[in-house]
file work02.txt (compact mmCIF, N, CA and C atoms)
# COMPACT_ATOMS: atom_id res chain seq x y z
N MET A 1 46.82 -18.92 4.03
CA MET A 1 45.50 -18.50 4.46
C MET A 1 44.81 -19.68 5.15
N THR A 2 44.42 -19.50 6.39
CA THR A 2 43.77 -20.56 7.14
C THR A 2 42.26 -20.38 7.10
N LYS A 3 41.57 -21.51 7.17
CA LYS A 3 40.12 -21.47 7.20
C LYS A 3 39.63 -21.15 8.60
N GLN A 4 38.55 -20.43 8.66
CA GLN A 4 37.97 -20.13 9.96
C GLN A 4 37.26 -21.37 10.49
N PRO A 5 37.34 -21.60 11.79
CA PRO A 5 36.66 -22.78 12.34
C PRO A 5 35.15 -22.62 12.25
N LEU A 6 34.48 -23.75 12.14
CA LEU A 6 33.02 -23.74 12.09
C LEU A 6 32.45 -23.55 13.48
N HIS A 7 31.47 -22.71 13.59
CA HIS A 7 30.74 -22.53 14.84
C HIS A 7 29.39 -23.20 14.65
N TYR A 8 29.28 -24.44 15.12
CA TYR A 8 28.09 -25.24 14.85
C TYR A 8 26.83 -24.65 15.46
N ASP A 9 26.95 -24.03 16.64
CA ASP A 9 25.76 -23.46 17.26
C ASP A 9 25.21 -22.29 16.44
N ASN A 10 26.11 -21.43 15.94
CA ASN A 10 25.67 -20.32 15.10
C ASN A 10 25.10 -20.83 13.78
N LEU A 11 25.71 -21.85 13.21
CA LEU A 11 25.21 -22.42 11.95
C LEU A 11 23.81 -22.99 12.15
N LYS A 12 23.61 -23.67 13.28
CA LYS A 12 22.29 -24.26 13.55
C LYS A 12 21.24 -23.16 13.75
N LYS A 13 21.59 -22.10 14.48
CA LYS A 13 20.65 -20.99 14.69
C LYS A 13 20.30 -20.31 13.36
N ASP A 14 21.31 -20.07 12.53
CA ASP A 14 21.07 -19.45 11.23
C ASP A 14 20.21 -20.34 10.35
N PHE A 15 20.49 -21.63 10.37
CA PHE A 15 19.74 -22.59 9.57
C PHE A 15 18.27 -22.59 9.97
N ILE A 16 18.00 -22.62 11.26
CA ILE A 16 16.62 -22.61 11.74
C ILE A 16 15.94 -21.29 11.40
N ALA A 17 16.64 -20.17 11.60
CA ALA A 17 16.06 -18.86 11.30
C ALA A 17 15.72 -18.72 9.81
N ILE A 18 16.63 -19.15 8.95
CA ILE A 18 16.39 -19.07 7.50
C ILE A 18 15.18 -19.90 7.11
N ASN A 19 15.07 -21.11 7.65
CA ASN A 19 13.94 -21.97 7.30
C ASN A 19 12.62 -21.43 7.82
N ILE A 20 12.61 -20.85 9.00
CA ILE A 20 11.38 -20.24 9.52
C ILE A 20 10.97 -19.06 8.64
N MET A 21 11.94 -18.23 8.26
CA MET A 21 11.62 -17.08 7.39
C MET A 21 11.10 -17.54 6.04
N LEU A 22 11.67 -18.60 5.48
CA LEU A 22 11.21 -19.10 4.19
C LEU A 22 9.80 -19.67 4.27
N VAL A 23 9.48 -20.35 5.35
CA VAL A 23 8.12 -20.88 5.52
C VAL A 23 7.12 -19.74 5.63
N VAL A 24 7.44 -18.73 6.43
CA VAL A 24 6.54 -17.57 6.57
C VAL A 24 6.39 -16.86 5.23
N LEU A 25 7.51 -16.64 4.53
CA LEU A 25 7.46 -16.00 3.22
C LEU A 25 6.63 -16.82 2.24
N GLY A 26 6.77 -18.13 2.29
CA GLY A 26 5.97 -19.00 1.41
C GLY A 26 4.49 -18.86 1.67
N PHE A 27 4.08 -18.81 2.94
CA PHE A 27 2.67 -18.63 3.25
C PHE A 27 2.16 -17.26 2.80
N VAL A 28 2.96 -16.22 2.98
CA VAL A 28 2.57 -14.88 2.56
C VAL A 28 2.42 -14.83 1.03
N MET A 29 3.40 -15.40 0.32
CA MET A 29 3.32 -15.41 -1.15
C MET A 29 2.13 -16.22 -1.63
N PHE A 30 1.90 -17.38 -1.01
CA PHE A 30 0.76 -18.21 -1.39
C PHE A 30 -0.55 -17.45 -1.18
N GLY A 31 -0.68 -16.81 -0.02
CA GLY A 31 -1.90 -16.03 0.25
C GLY A 31 -2.08 -14.90 -0.74
N TYR A 32 -0.99 -14.20 -1.06
CA TYR A 32 -1.06 -13.08 -2.02
C TYR A 32 -1.49 -13.58 -3.40
N ILE A 33 -0.90 -14.68 -3.84
CA ILE A 33 -1.24 -15.22 -5.16
C ILE A 33 -2.69 -15.69 -5.19
N MET A 34 -3.14 -16.33 -4.12
CA MET A 34 -4.52 -16.80 -4.08
C MET A 34 -5.51 -15.63 -4.05
N LEU A 35 -5.17 -14.56 -3.34
CA LEU A 35 -6.03 -13.38 -3.33
C LEU A 35 -6.11 -12.75 -4.72
N GLN A 36 -5.00 -12.80 -5.46
CA GLN A 36 -5.03 -12.29 -6.83
C GLN A 36 -5.87 -13.20 -7.72
N LYS A 37 -5.71 -14.52 -7.56
CA LYS A 37 -6.48 -15.46 -8.39
C LYS A 37 -7.97 -15.34 -8.14
N LEU A 38 -8.36 -15.04 -6.90
CA LEU A 38 -9.77 -14.90 -6.57
C LEU A 38 -10.33 -13.53 -6.95
N GLY A 39 -9.47 -12.61 -7.37
CA GLY A 39 -9.91 -11.30 -7.79
C GLY A 39 -10.15 -10.34 -6.63
N ILE A 40 -9.69 -10.68 -5.45
CA ILE A 40 -9.88 -9.80 -4.29
C ILE A 40 -8.94 -8.61 -4.37
N ILE A 41 -7.71 -8.85 -4.79
CA ILE A 41 -6.78 -7.75 -5.00
C ILE A 41 -6.34 -7.78 -6.46
N PRO A 42 -6.10 -6.61 -7.05
CA PRO A 42 -5.72 -6.59 -8.47
C PRO A 42 -4.27 -7.05 -8.67
N THR A 43 -4.01 -7.59 -9.86
CA THR A 43 -2.65 -7.97 -10.19
C THR A 43 -1.86 -6.70 -10.53
N MET A 44 -0.61 -6.71 -10.12
CA MET A 44 0.24 -5.53 -10.36
C MET A 44 1.01 -5.73 -11.66
N PRO A 45 1.11 -4.70 -12.49
CA PRO A 45 1.89 -4.83 -13.72
C PRO A 45 3.38 -4.83 -13.40
N CYS A 46 4.16 -5.40 -14.29
CA CYS A 46 5.61 -5.41 -14.12
C CYS A 46 6.17 -4.08 -14.63
N VAL A 47 6.68 -3.28 -13.73
CA VAL A 47 7.18 -1.96 -14.08
C VAL A 47 8.37 -2.05 -15.01
N MET A 48 9.27 -2.99 -14.74
CA MET A 48 10.46 -3.14 -15.58
C MET A 48 10.08 -3.52 -17.01
N HIS A 49 9.11 -4.42 -17.16
CA HIS A 49 8.70 -4.84 -18.50
C HIS A 49 7.97 -3.71 -19.22
N ASP A 50 7.16 -2.96 -18.50
CA ASP A 50 6.45 -1.85 -19.12
C ASP A 50 7.40 -0.74 -19.56
N ALA A 51 8.43 -0.47 -18.75
CA ALA A 51 9.34 0.64 -19.04
C ALA A 51 10.43 0.26 -20.05
N LEU A 52 11.05 -0.91 -19.87
CA LEU A 52 12.21 -1.28 -20.68
C LEU A 52 11.94 -2.33 -21.75
N ARG A 53 10.77 -2.95 -21.70
CA ARG A 53 10.40 -4.02 -22.64
C ARG A 53 11.31 -5.23 -22.56
N ILE A 54 11.85 -5.49 -21.37
CA ILE A 54 12.60 -6.72 -21.13
C ILE A 54 12.01 -7.38 -19.89
N TYR A 55 12.17 -8.68 -19.80
CA TYR A 55 11.62 -9.40 -18.66
C TYR A 55 12.51 -9.23 -17.44
N CYS A 56 11.89 -8.98 -16.30
CA CYS A 56 12.64 -8.88 -15.05
C CYS A 56 12.85 -10.30 -14.51
N PRO A 57 13.70 -10.47 -13.49
CA PRO A 57 13.93 -11.81 -12.94
C PRO A 57 12.67 -12.47 -12.37
N GLY A 58 11.65 -11.71 -12.06
CA GLY A 58 10.44 -12.29 -11.50
C GLY A 58 9.38 -12.65 -12.52
N CYS A 59 9.51 -12.15 -13.74
CA CYS A 59 8.49 -12.42 -14.76
C CYS A 59 8.41 -13.92 -15.05
N GLY A 60 7.22 -14.45 -14.97
CA GLY A 60 7.01 -15.88 -15.22
C GLY A 60 7.30 -16.75 -14.02
N GLY A 61 7.67 -16.15 -12.91
CA GLY A 61 8.02 -16.93 -11.72
C GLY A 61 6.87 -17.74 -11.16
N THR A 62 5.68 -17.14 -11.13
CA THR A 62 4.52 -17.85 -10.59
C THR A 62 4.15 -19.01 -11.50
N ARG A 63 4.13 -18.76 -12.80
CA ARG A 63 3.83 -19.85 -13.74
C ARG A 63 4.88 -20.95 -13.65
N ALA A 64 6.15 -20.56 -13.50
CA ALA A 64 7.23 -21.55 -13.39
C ALA A 64 7.08 -22.37 -12.12
N LEU A 65 6.72 -21.73 -11.02
CA LEU A 65 6.55 -22.45 -9.76
C LEU A 65 5.39 -23.42 -9.85
N PHE A 66 4.26 -22.99 -10.41
CA PHE A 66 3.12 -23.89 -10.55
C PHE A 66 3.44 -25.05 -11.49
N ALA A 67 4.17 -24.78 -12.58
CA ALA A 67 4.55 -25.87 -13.49
C ALA A 67 5.48 -26.86 -12.78
N LEU A 68 6.39 -26.34 -11.98
CA LEU A 68 7.31 -27.21 -11.24
C LEU A 68 6.56 -28.04 -10.21
N LEU A 69 5.59 -27.44 -9.53
CA LEU A 69 4.79 -28.19 -8.55
C LEU A 69 3.95 -29.27 -9.21
N GLN A 70 3.62 -29.09 -10.49
CA GLN A 70 2.87 -30.11 -11.23
C GLN A 70 3.79 -31.13 -11.87
N GLY A 71 5.10 -30.97 -11.69
CA GLY A 71 6.07 -31.94 -12.22
C GLY A 71 6.50 -31.67 -13.65
N ASP A 72 6.16 -30.51 -14.19
CA ASP A 72 6.51 -30.17 -15.56
C ASP A 72 7.77 -29.32 -15.58
N LEU A 73 8.93 -29.99 -15.55
CA LEU A 73 10.20 -29.30 -15.45
C LEU A 73 10.51 -28.46 -16.69
N LEU A 74 10.20 -28.96 -17.87
CA LEU A 74 10.52 -28.21 -19.10
C LEU A 74 9.75 -26.90 -19.20
N HIS A 75 8.46 -26.93 -18.87
CA HIS A 75 7.70 -25.68 -18.91
C HIS A 75 8.17 -24.73 -17.81
N SER A 76 8.55 -25.27 -16.67
CA SER A 76 9.06 -24.43 -15.60
C SER A 76 10.34 -23.72 -16.04
N LEU A 77 11.23 -24.44 -16.70
CA LEU A 77 12.45 -23.83 -17.23
C LEU A 77 12.14 -22.80 -18.30
N TYR A 78 11.13 -23.06 -19.11
CA TYR A 78 10.75 -22.12 -20.16
C TYR A 78 10.20 -20.82 -19.57
N TYR A 79 9.34 -20.93 -18.55
CA TYR A 79 8.74 -19.74 -17.96
C TYR A 79 9.76 -18.89 -17.22
N ASN A 80 10.60 -19.52 -16.39
CA ASN A 80 11.61 -18.78 -15.64
C ASN A 80 12.63 -19.77 -15.06
N PRO A 81 13.82 -19.84 -15.65
CA PRO A 81 14.81 -20.82 -15.18
C PRO A 81 15.33 -20.51 -13.78
N ALA A 82 15.14 -19.31 -13.28
CA ALA A 82 15.63 -18.95 -11.95
C ALA A 82 14.93 -19.77 -10.87
N ILE A 83 13.69 -20.15 -11.09
CA ILE A 83 12.95 -20.94 -10.10
C ILE A 83 13.61 -22.30 -9.92
N VAL A 84 13.93 -22.96 -11.02
CA VAL A 84 14.54 -24.29 -10.95
C VAL A 84 15.95 -24.19 -10.37
N MET A 85 16.72 -23.20 -10.81
CA MET A 85 18.08 -23.03 -10.27
C MET A 85 18.03 -22.68 -8.79
N GLY A 86 17.10 -21.83 -8.41
CA GLY A 86 16.98 -21.47 -7.00
C GLY A 86 16.60 -22.66 -6.15
N LEU A 87 15.71 -23.49 -6.65
CA LEU A 87 15.33 -24.69 -5.91
C LEU A 87 16.53 -25.64 -5.77
N GLY A 88 17.31 -25.77 -6.84
CA GLY A 88 18.50 -26.62 -6.78
C GLY A 88 19.50 -26.11 -5.76
N TRP A 89 19.75 -24.82 -5.75
CA TRP A 89 20.69 -24.25 -4.77
C TRP A 89 20.14 -24.35 -3.35
N PHE A 90 18.85 -24.16 -3.21
CA PHE A 90 18.25 -24.28 -1.88
C PHE A 90 18.40 -25.70 -1.35
N LEU A 91 18.11 -26.69 -2.18
CA LEU A 91 18.27 -28.08 -1.75
C LEU A 91 19.73 -28.40 -1.45
N HIS A 92 20.65 -27.88 -2.26
CA HIS A 92 22.08 -28.08 -2.00
C HIS A 92 22.47 -27.49 -0.65
N TYR A 93 22.00 -26.30 -0.36
CA TYR A 93 22.29 -25.65 0.92
C TYR A 93 21.70 -26.45 2.08
N GLU A 94 20.43 -26.81 1.97
CA GLU A 94 19.76 -27.54 3.05
C GLU A 94 20.47 -28.86 3.35
N ILE A 95 20.72 -29.64 2.32
CA ILE A 95 21.38 -30.94 2.52
C ILE A 95 22.79 -30.75 3.04
N GLY A 96 23.51 -29.76 2.52
CA GLY A 96 24.87 -29.51 2.97
C GLY A 96 24.96 -29.08 4.42
N VAL A 97 24.06 -28.20 4.84
CA VAL A 97 24.08 -27.76 6.24
C VAL A 97 23.69 -28.91 7.17
N ILE A 98 22.71 -29.69 6.78
CA ILE A 98 22.32 -30.84 7.61
C ILE A 98 23.48 -31.82 7.73
N ARG A 99 24.17 -32.09 6.62
CA ARG A 99 25.35 -32.98 6.69
C ARG A 99 26.44 -32.39 7.56
N THR A 100 26.68 -31.08 7.45
CA THR A 100 27.71 -30.42 8.26
C THR A 100 27.37 -30.52 9.74
N LEU A 101 26.11 -30.28 10.08
CA LEU A 101 25.70 -30.34 11.48
C LEU A 101 25.72 -31.76 12.03
N ARG A 102 25.43 -32.74 11.21
CA ARG A 102 25.39 -34.13 11.68
C ARG A 102 26.78 -34.72 11.81
N LYS A 103 27.67 -34.44 10.85
CA LYS A 103 29.00 -35.05 10.88
C LYS A 103 29.94 -34.36 11.86
N ARG A 104 29.88 -33.03 11.93
CA ARG A 104 30.74 -32.25 12.84
C ARG A 104 32.21 -32.63 12.72
N ASP A 105 32.69 -32.74 11.49
CA ASP A 105 34.09 -33.09 11.28
C ASP A 105 34.93 -31.91 10.81
N GLY A 106 34.38 -30.70 10.88
CA GLY A 106 35.13 -29.51 10.50
C GLY A 106 35.01 -29.13 9.04
N ARG A 107 34.34 -29.94 8.23
CA ARG A 107 34.15 -29.64 6.81
C ARG A 107 32.81 -28.97 6.59
N ARG A 108 32.78 -28.15 5.55
CA ARG A 108 31.52 -27.56 5.09
C ARG A 108 31.05 -28.37 3.89
N TYR A 109 29.84 -28.86 3.97
CA TYR A 109 29.29 -29.66 2.88
C TYR A 109 28.35 -28.84 2.00
N TYR A 110 28.50 -27.56 2.00
CA TYR A 110 27.72 -26.67 1.14
C TYR A 110 28.69 -25.68 0.51
N CYS A 111 28.29 -25.12 -0.60
CA CYS A 111 29.18 -24.26 -1.38
C CYS A 111 29.39 -22.92 -0.69
N THR A 112 30.66 -22.50 -0.63
CA THR A 112 30.97 -21.19 -0.05
C THR A 112 31.66 -20.28 -1.06
N SER A 113 31.72 -20.69 -2.32
CA SER A 113 32.38 -19.85 -3.33
C SER A 113 31.34 -19.06 -4.13
N TYR A 114 31.83 -18.16 -4.96
CA TYR A 114 30.95 -17.31 -5.77
C TYR A 114 30.69 -17.89 -7.17
N THR A 115 31.34 -18.97 -7.53
CA THR A 115 31.21 -19.52 -8.88
C THR A 115 29.76 -19.85 -9.26
N PRO A 116 28.98 -20.54 -8.41
CA PRO A 116 27.59 -20.81 -8.81
C PRO A 116 26.76 -19.55 -9.02
N TRP A 117 27.03 -18.50 -8.27
CA TRP A 117 26.31 -17.25 -8.44
C TRP A 117 26.63 -16.61 -9.79
N ILE A 118 27.87 -16.71 -10.20
CA ILE A 118 28.27 -16.16 -11.50
C ILE A 118 27.61 -16.95 -12.62
N VAL A 119 27.60 -18.27 -12.51
CA VAL A 119 26.95 -19.12 -13.52
C VAL A 119 25.47 -18.80 -13.61
N CYS A 120 24.82 -18.66 -12.46
CA CYS A 120 23.39 -18.33 -12.46
C CYS A 120 23.14 -16.97 -13.09
N GLY A 121 24.00 -16.01 -12.79
CA GLY A 121 23.86 -14.69 -13.39
C GLY A 121 23.96 -14.72 -14.89
N VAL A 122 24.90 -15.50 -15.42
CA VAL A 122 25.06 -15.62 -16.88
C VAL A 122 23.83 -16.28 -17.49
N ILE A 123 23.33 -17.35 -16.86
CA ILE A 123 22.14 -18.03 -17.39
C ILE A 123 20.94 -17.10 -17.38
N LEU A 124 20.75 -16.35 -16.29
CA LEU A 124 19.63 -15.41 -16.23
C LEU A 124 19.78 -14.28 -17.24
N LEU A 125 21.00 -13.83 -17.45
CA LEU A 125 21.24 -12.79 -18.45
C LEU A 125 20.87 -13.29 -19.85
N ILE A 126 21.26 -14.52 -20.15
CA ILE A 126 20.90 -15.11 -21.45
C ILE A 126 19.39 -15.25 -21.56
N PHE A 127 18.73 -15.69 -20.48
CA PHE A 127 17.28 -15.85 -20.48
C PHE A 127 16.57 -14.54 -20.77
N HIS A 128 17.06 -13.46 -20.20
CA HIS A 128 16.38 -12.18 -20.37
C HIS A 128 16.70 -11.50 -21.70
N ILE A 129 17.84 -11.80 -22.26
CA ILE A 129 18.18 -11.21 -23.57
C ILE A 129 17.46 -11.96 -24.68
N VAL A 130 17.45 -13.27 -24.60
CA VAL A 130 16.81 -14.10 -25.63
C VAL A 130 15.34 -14.09 -25.38

call {"tool": "encode", "arguments": {"input": "work02.txt", "output": "structure tokens"}}
result
Amino acid sequence: MTKQPLHYDNLKKDFIAINIMLVVLGFVMFGYIMLQKLGIIPTMPCVMHDALRIYCPGCGGTRALFALLQGDLLHSLYYNPAIVMGLGWFLHYEIGVIRTLRKRDGRRYYCTSYTPWIVCGVILLIFHIV
């Protein structure tokens, strides 16, 4: 089985598009959260928690993000470990793609396997059961 060659131009376009979408999404989420904090729009209840009495992957995400932004890693992990894991994977992807684009030696410096996704799924499953 041979590896497919890297198409650096496509990788660069995808990298830029993903980062632009994440910045826009970040501004939208920040505005939505601030409008809720100011009482302009009501907070929405968690349908999954109300119906099944288990926490969904988003429960505690805002508190975890604010704790992480304040430098409180332990509370962020307590509120929702997916935020910290997601940030770790995002940084791994960003640094890996930048290294791949700068070196141009045919190697991928970011993960292309499914193993980290399986590990994250198990950790999130444990978080929601416990």

call {"tool": "residues_near_point", "arguments": {"input": "work02.txt", "point": "(2.1, -14.9, -7.5)", "cutoff": "7 Å", "atoms": "all atoms listed in the file", "output": "PyMOL selection string"}}
result
chain A and resi 29-30+32-34+61-63

call {"tool": "residues_near_point", "arguments": {"input": "work02.txt", "point": "(19.8, -25.4, 9.1)", "cutoff": "6.5 Å", "atoms": "all atoms listed in the file", "output": "PyMOL selection string"}}
result
chain A and resi 11-12+14-16+94+97-98

call {"tool": "atom_distance", "arguments": {"input": "work02.txt", "atom1": "atom CA of Leu22 of chain A", "atom2": "atom N of Ile54 of chain A"}}
result
29.0 Å

call {"tool": "residues_around", "arguments": {"input": "work02.txt", "residues": "Tyr8 of chain A", "least_positions_apart": "5", "cutoff": "8 Å", "atoms": "all atoms listed in the file", "output": "ChimeraX atom specification"}}
result
/A:13-14,100-101,104

call {"tool": "closest_residue", "arguments": {"input": "work02.txt", "among": "A:Gly88, A:Gly71, A:Asn80, A:Ile123", "to": "Gly58 of chain A", "atoms": "only N, CA and C atoms"}}
result
A:Asn80

call {"tool": "atom_distance", "arguments": {"input": "work02.txt", "atom1": "atom C of Trp89 of chain A", "atom2": "atom CA of Pro116 of chain A"}}
result
9.9 Å

call {"tool": "select_by_dssp", "arguments": {"input": "work02.txt", "residues": "segment 3-130 of chain A", "states": "helix (DSSP H, G or I)", "output": "PyMOL selection string"}}
result
chain A and resi 8-37+47-52+61-69+73-79+81-103+115-129

call {"tool": "atom_distance", "arguments": {"input": "work02.txt", "atom1": "atom N of Gly39 of chain A", "atom2": "atom C of Pro81 of chain A"}}
result
26.8 Å

call {"tool": "residues_around", "arguments": {"input": "work02.txt", "residues": "Leu91 of chain A", "least_positions_apart": "6", "cutoff": "12 Å", "atoms": "only C-alpha atoms", "output": "mmCIF file with N, CA and C atoms, keeping the file's coordinate frame"}}
result
data_model
loop_
_atom_site.group_PDB
_atom_site.id
_atom_site.type_symbol
_atom_site.label_atom_id
_atom_site.label_comp_id
_atom_site.auth_asym_id
_atom_site.auth_seq_id
_atom_site.Cartn_x
_atom_site.Cartn_y
_atom_site.Cartn_z
ATOM 1 N N ASN A 19 15.070 -21.110 7.650
ATOM 2 C CA ASN A 19 13.940 -21.970 7.300
ATOM 3 C C ASN A 19 12.620 -21.430 7.820
ATOM 4 N N VAL A 84 13.930 -22.960 -11.020
ATOM 5 C CA VAL A 84 14.540 -24.290 -10.950
ATOM 6 C C VAL A 84 15.950 -24.190 -10.370
ATOM 7 N N MET A 85 16.720 -23.200 -10.810
ATOM 8 C CA MET A 85 18.080 -23.030 -10.270
ATOM 9 C C MET A 85 18.030 -22.680 -8.790
ATOM 10 N N VAL A 97 24.060 -28.200 4.840
ATOM 11 C CA VAL A 97 24.080 -27.760 6.240
ATOM 12 C C VAL A 97 23.690 -28.910 7.170
ATOM 13 N N ILE A 98 22.710 -29.690 6.780
ATOM 14 C CA ILE A 98 22.320 -30.840 7.610
ATOM 15 C C ILE A 98 23.480 -31.820 7.730
ATOM 16 N N TYR A 110 28.500 -27.560 2.000
ATOM 17 C CA TYR A 110 27.720 -26.670 1.140
ATOM 18 C C TYR A 110 28.690 -25.680 0.510
ATOM 19 N N CYS A 111 28.290 -25.120 -0.600
ATOM 20 C CA CYS A 111 29.180 -24.260 -1.380
ATOM 21 C C CYS A 111 29.390 -22.920 -0.690
#

call {"tool": "decode", "arguments": {"input": "work02.txt", "residues": "segment 24-36 of chain A", "atoms": "N, CA and C atoms", "output": "mmCIF file, in the first residue's frame"}}
result
data_model
loop_
_atom_site.group_PDB
_atom_site.id
_atom_site.type_symbol
_atom_site.label_atom_id
_atom_site.label_comp_id
_atom_site.auth_asym_id
_atom_site.auth_seq_id
_atom_site.Cartn_x
_atom_site.Cartn_y
_atom_site.Cartn_z
ATOM 1 N N VAL A 24 -14.569 32.819 12.770
ATOM 2 C CA VAL A 24 -15.953 33.292 12.644
ATOM 3 C C VAL A 24 -16.842 32.590 13.668
ATOM 4 N N LEU A 25 -16.688 31.268 13.797
ATOM 5 C CA LEU A 25 -17.470 30.520 14.779
ATOM 6 C C LEU A 25 -17.179 31.003 16.197
ATOM 7 N N GLY A 26 -15.929 31.298 16.480
ATOM 8 C CA GLY A 26 -15.562 31.820 17.806
ATOM 9 C C GLY A 26 -16.249 33.136 18.106
ATOM 10 N N PHE A 27 -16.284 34.048 17.126
ATOM 11 C CA PHE A 27 -16.968 35.321 17.336
ATOM 12 C C PHE A 27 -18.468 35.126 17.526
ATOM 13 N N VAL A 28 -19.075 34.235 16.756
ATOM 14 C CA VAL A 28 -20.507 33.967 16.886
ATOM 15 C C VAL A 28 -20.809 33.385 18.270
ATOM 16 N N MET A 29 -20.005 32.403 18.689
ATOM 17 C CA MET A 29 -20.217 31.790 20.008
ATOM 18 C C MET A 29 -20.014 32.812 21.124
ATOM 19 N N PHE A 30 -18.970 33.629 21.000
ATOM 20 C CA PHE A 30 -18.718 34.650 22.014
ATOM 21 C C PHE A 30 -19.890 35.623 22.098
ATOM 22 N N GLY A 31 -20.382 36.077 20.950
ATOM 23 C CA GLY A 31 -21.534 36.991 20.943
ATOM 24 C C GLY A 31 -22.764 36.350 21.546
ATOM 25 N N TYR A 32 -23.007 35.082 21.208
ATOM 26 C CA TYR A 32 -24.178 34.370 21.752
ATOM 27 C C TYR A 32 -24.081 34.237 23.272
ATOM 28 N N ILE A 33 -22.908 33.869 23.757
ATOM 29 C CA ILE A 33 -22.724 33.710 25.208
ATOM 30 C C ILE A 33 -22.877 35.048 25.918
ATOM 31 N N MET A 34 -22.323 36.108 25.333
ATOM 32 C CA MET A 34 -22.439 37.424 25.961
ATOM 33 C C MET A 34 -23.888 37.913 25.969
ATOM 34 N N LEU A 35 -24.633 37.636 24.897
ATOM 35 C CA LEU A 35 -26.046 38.017 24.879
ATOM 36 C C LEU A 35 -26.833 37.254 25.943
ATOM 37 N N GLN A 36 -26.454 35.999 26.181
ATOM 38 C CA GLN A 36 -27.104 35.241 27.251
ATOM 39 C C GLN A 36 -26.727 35.800 28.616
#
